[in-house]
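Heads up: the structure comes next, in structure tokens.
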Amino acid sequence: MRRAFMAPEYRGMHDRGLSYPSRSAMIGELAVLPLLGPNGLTMGRRENSLWGGRCARALAGLAALVVGVSCMPPDVPSRLSGSLPKAFLARLEPDSVRVRFVREGLSYHYLWSPKGPWAIHMLRLDLRRCDLGVEVLPAGLADPGGPGLSTVTNLVREAGPLVVAAVNGDFFTPEGRPVGPEVAVGRLLWSRSRPAFAWQPGTDPWIGTAELGDDGGLSAGSWIPREKVGQTQVVGGFPELLDGGRPVLGLALDRSQDFASVRHPRTAVAYDPAGQTLWLMVVDGRQGAYSSGMTLEEVTGTFESLGATEALNLDGGGSSVMVVHGIARSRPSDADGERAVRNALAVVGDPEYCRALSGPTLEGGA
């Protein structure tokens, strides 16, 4: 695709190292996508041989369709997301590894390892795609900043079809108020000085400690005025796990506390700037021989083995859950199933995000 045919809102992509694929490149990627069965999981060689003939015929038609399309999504082709880093696999020594292609630039990975034992669920988001982003889904918006609780499954369903996956977010009070900051739906709902994750279209993710301003605004990778939030998304967590590639020293002070040193179900988010990859991870726990959960040190080491340099722990325990295409893929530890929580951190596919790349430069973190 020649630059002369680019929509104006997409031309800023090149400032972030993004490029437009040729038609041959797009067809080439389609040809090497991992073969998935009807359930979306990778198949063995025998299944591949049976399924491959059908896929080859479908692929030929799909390739012809691509050739005939005059304008494709303004991104580089998504990297194949079936393989995981060798250091990560060596650390966990999994017996079972499955991958599901969720959509372009997003894959779901499930691993089970007897080493913990651990049942691990991960979302791998390719940040090179300008049409993918993250949003905070809050519960309880009847009044500005109002409390509320809802399951992640319900929050995803209510948010609409652009939300493709989500995990639970911040810790919360029994009344349904977040412990940390919360910026969502174009509003600064809760302003607190706590560790947080922030993102806005056209910038890299940011993980650090959010700081309150004198005028009620919030500093979280960029300045967020109370009255002009824009598309900024902020969710709180605790503690920060990785900062600049190094485990946060404060983690060592928590080793004597059950919260950090005992294995529990965990939810966490991490960012790999070199690979332009965002990881969302849920580790099932408190379930005997199926999965015991992880300590915070184990979560930190897992993200290090993935190549992440920034990471934040989110609410865990019975709150931990991962939802993909509206279905809970993880196994919550509460006897009653999925727990109602304050907010969720969701993966959203929206071409409108690409328009941010043509606007004024946004001050970002990470």
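By order of appearance in the structure tokens: chains A, B, ..., then residues from 1 within every chain, and ligands from 1 in the order shown.
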
Using only C-alpha atoms, find each residue in stretch 242-307 of chain A having at least one atom no more than 12 Å away from stretch 98-106 of chain A; report its shortest atom-to-atom pair and that distance in Å (one decimal), rows by chain then rising number, as JSON lines.
{"residue": "A:Gln276", "atom": "CA", "partner": "A:Gly105", "partner_atom": "CA", "distance": 11.1}
{"residue": "A:Thr277", "atom": "CA", "partner": "A:Gly105", "partner_atom": "CA", "distance": 9.6}
{"residue": "A:Leu278", "atom": "CA", "partner": "A:Leu106", "partner_atom": "CA", "distance": 9.7}
{"residue": "A:Trp279", "atom": "CA", "partner": "A:Leu106", "partner_atom": "CA", "distance": 10.0}
{"residue": "A:Leu280", "atom": "CA", "partner": "A:Leu106", "partner_atom": "CA", "distance": 10.9}

**Asked** Any idea what's packed within 7 Å of stretch 342-355 of chain A, counting only C-alpha atoms, ignoring anything in its chain fewer than 6 positions away? Could you give it as an NGL selection string?
**Response** :A and (9-10 or 130-139 or 148-150 or 152 or 162-170 or 172 or 176-178 or 201)

Using the selection just defined, write its residues with N, CA and C atoms as a short mmCIF file (atom, residue, chain, number, x, y, z; two decimals), in the first residue's frame.
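New file part31.cif:
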data_model
loop_
_atom_site.label_atom_id
_atom_site.label_comp_id
_atom_site.auth_asym_id
_atom_site.auth_seq_id
_atom_site.Cartn_x
_atom_site.Cartn_y
_atom_site.Cartn_z
N GLU A 9 -5.29 10.32 9.39
CA GLU A 9 -5.14 10.01 10.81
C GLU A 9 -4.15 8.89 11.07
N TYR A 10 -3.70 8.17 10.01
CA TYR A 10 -2.80 7.05 10.20
C TYR A 10 -1.34 7.38 9.89
N CYS A 130 -1.98 -0.42 16.18
CA CYS A 130 -2.58 0.80 16.71
C CYS A 130 -4.07 0.63 17.00
N ASP A 131 -4.69 -0.45 16.51
CA ASP A 131 -6.12 -0.64 16.75
C ASP A 131 -6.40 -1.49 17.98
N LEU A 132 -5.38 -1.78 18.77
CA LEU A 132 -5.56 -2.51 20.02
C LEU A 132 -5.16 -1.61 21.19
N GLY A 133 -5.92 -1.69 22.26
CA GLY A 133 -5.60 -0.90 23.45
C GLY A 133 -6.23 -1.52 24.68
N VAL A 134 -6.16 -0.82 25.78
CA VAL A 134 -6.73 -1.30 27.03
C VAL A 134 -7.64 -0.23 27.63
N GLU A 135 -8.66 -0.68 28.30
CA GLU A 135 -9.57 0.23 28.97
C GLU A 135 -9.92 -0.32 30.34
N VAL A 136 -10.20 0.60 31.26
CA VAL A 136 -10.65 0.24 32.60
C VAL A 136 -12.18 0.22 32.59
N LEU A 137 -12.75 -0.88 33.05
CA LEU A 137 -14.20 -1.01 33.11
C LEU A 137 -14.63 -0.91 34.57
N PRO A 138 -15.19 0.22 34.99
CA PRO A 138 -15.58 0.38 36.39
C PRO A 138 -17.01 -0.08 36.65
N ALA A 139 -17.25 -0.51 37.87
CA ALA A 139 -18.62 -0.82 38.30
C ALA A 139 -19.16 0.40 39.05
N GLY A 148 -19.43 0.55 43.70
CA GLY A 148 -20.16 -0.50 43.01
C GLY A 148 -19.29 -1.72 42.81
N LEU A 149 -19.93 -2.87 42.66
CA LEU A 149 -19.24 -4.13 42.43
C LEU A 149 -19.95 -4.90 41.34
N SER A 150 -19.19 -5.62 40.53
CA SER A 150 -19.75 -6.46 39.48
C SER A 150 -18.72 -7.50 39.09
N VAL A 152 -16.37 -9.59 36.50
CA VAL A 152 -15.69 -9.19 35.26
C VAL A 152 -16.49 -9.63 34.05
N LEU A 162 -16.62 -4.43 21.40
CA LEU A 162 -15.23 -4.06 21.18
C LEU A 162 -14.29 -4.66 22.22
N VAL A 163 -14.82 -5.02 23.38
CA VAL A 163 -14.02 -5.64 24.44
C VAL A 163 -13.88 -7.13 24.14
N VAL A 164 -12.64 -7.58 23.96
CA VAL A 164 -12.42 -8.98 23.58
C VAL A 164 -11.91 -9.84 24.74
N ALA A 165 -11.33 -9.22 25.77
CA ALA A 165 -10.81 -9.98 26.91
C ALA A 165 -10.61 -9.03 28.08
N ALA A 166 -10.51 -9.58 29.29
CA ALA A 166 -10.32 -8.74 30.47
C ALA A 166 -9.86 -9.58 31.65
N VAL A 167 -9.23 -8.90 32.61
CA VAL A 167 -8.91 -9.48 33.91
C VAL A 167 -9.44 -8.54 34.99
N ASN A 168 -9.52 -9.04 36.20
CA ASN A 168 -9.92 -8.17 37.31
C ASN A 168 -8.85 -7.11 37.55
N GLY A 169 -9.23 -6.00 38.16
CA GLY A 169 -8.32 -4.89 38.33
C GLY A 169 -7.85 -4.65 39.75
N ASP A 170 -8.22 -3.50 40.31
CA ASP A 170 -7.67 -3.01 41.57
C ASP A 170 -8.32 -3.70 42.78
N PHE A 172 -10.24 -3.38 46.41
CA PHE A 172 -11.41 -2.55 46.65
C PHE A 172 -11.93 -2.74 48.07
N GLY A 176 -17.29 -1.14 47.68
CA GLY A 176 -17.13 -1.07 46.23
C GLY A 176 -16.35 0.13 45.74
N ARG A 177 -15.42 0.63 46.57
CA ARG A 177 -14.55 1.72 46.16
C ARG A 177 -13.15 1.17 45.90
N PRO A 178 -12.47 1.64 44.86
CA PRO A 178 -11.12 1.15 44.60
C PRO A 178 -10.14 1.68 45.63
N PRO A 201 -4.27 6.14 24.06
CA PRO A 201 -3.93 5.88 22.67
C PRO A 201 -2.77 6.75 22.20
#

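Distance check against A:Pro247 using only C-alpha atoms: of A:Ala198, A:Ala289, A:Met281, A:Ala311, the minimum falls on A:Ala311.
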
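Among the candidate residues A:Ala268, A:Leu218, A:Val321, A:Ala328, the one lying nearest to A:Gly285 is A:Val321, with distances computed using only C-alpha atoms.
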
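Put simply, atom CA of A:Glu310 is 18.3 Å away from atom CA of A:Val283.
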
**Asked** If you run DSSP on this backbone, which residues of stretch 203-278 of chain A come out as strand (DSSP E), and could you give them as a list of chain:residue names?
**Response** A:Trp206, A:Ile207, A:Gly208, A:Thr209, A:Glu211, A:Leu212, A:Leu218, A:Ser219, A:Trp223, A:Ile224, A:Gln233, A:Val234, A:Val235, A:Gly236, A:Glu240, A:Leu241, A:Leu242, A:Asp243, A:Arg246, A:Pro247, A:Arg266, A:Thr267, A:Ala268, A:Val269, A:Ala270, A:Tyr271, A:Asp272, A:Thr277, A:Leu278

**Prompt:** Pick the closest to A:Asp243 from A:Leu312, A:Val185, A:Val179, A:Ala220: which is it, counting only C-alpha atoms?
**Reply:**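 Answer, going by the shortest atom-to-atom distance: A:Leu312.
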
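Candidate residues A:Ala335, A:Leu241, A:Val229, A:Ala274 were compared for distance to A:Gly217, and the nearest is A:Val229, using only C-alpha atoms.
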
**Request:** Could you check how far atom CA of A:Ala184 sits from atom CA of A:Pro161, in Å to one decimal?
**Result:** 17.5 Å

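Nearest residue to A:Val341 among A:Gly244, A:Pro114, A:Gly326, A:Gly318 is A:Gly318, counting only C-alpha atoms.
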
**Item:** Top pick for closest residue to A:Leu155, considering A:Gly307, A:Gly216, A:Ser261, A:Gly140 and counting only C-alpha atoms
**Value:**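 Counting only C-alpha atoms, the residue closest to A:Leu155 is A:Gly140.
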
Give the alpha helix (DSSP H) residues of stretch 80-222 of chain A, as DSSP finds them on the backbone, and put them as a CSV table (one decimal) with C-alpha atoms, in the first residue's frame.
chain,number,residue,atom,x,y,z
A,86,LYS,CA,12.6,-20.3,26.2
A,87,ALA,CA,13.6,-18.7,29.5
A,88,PHE,CA,9.9,-18.7,30.5
A,89,LEU,CA,9.3,-22.3,29.5
A,90,ALA,CA,12.5,-23.4,31.3
A,91,ARG,CA,11.4,-21.6,34.5
A,92,LEU,CA,7.9,-23.1,34.6
A,152,VAL,CA,-15.7,-9.2,35.3
A,153,THR,CA,-17.9,-11.3,33.0
A,154,ASN,CA,-20.8,-8.8,33.5
A,155,LEU,CA,-18.5,-5.8,33.0
A,156,VAL,CA,-17.3,-7.2,29.7
A,157,ARG,CA,-20.8,-8.0,28.6
A,158,GLU,CA,-22.1,-4.5,29.4
A,159,ALA,CA,-19.1,-2.8,27.7
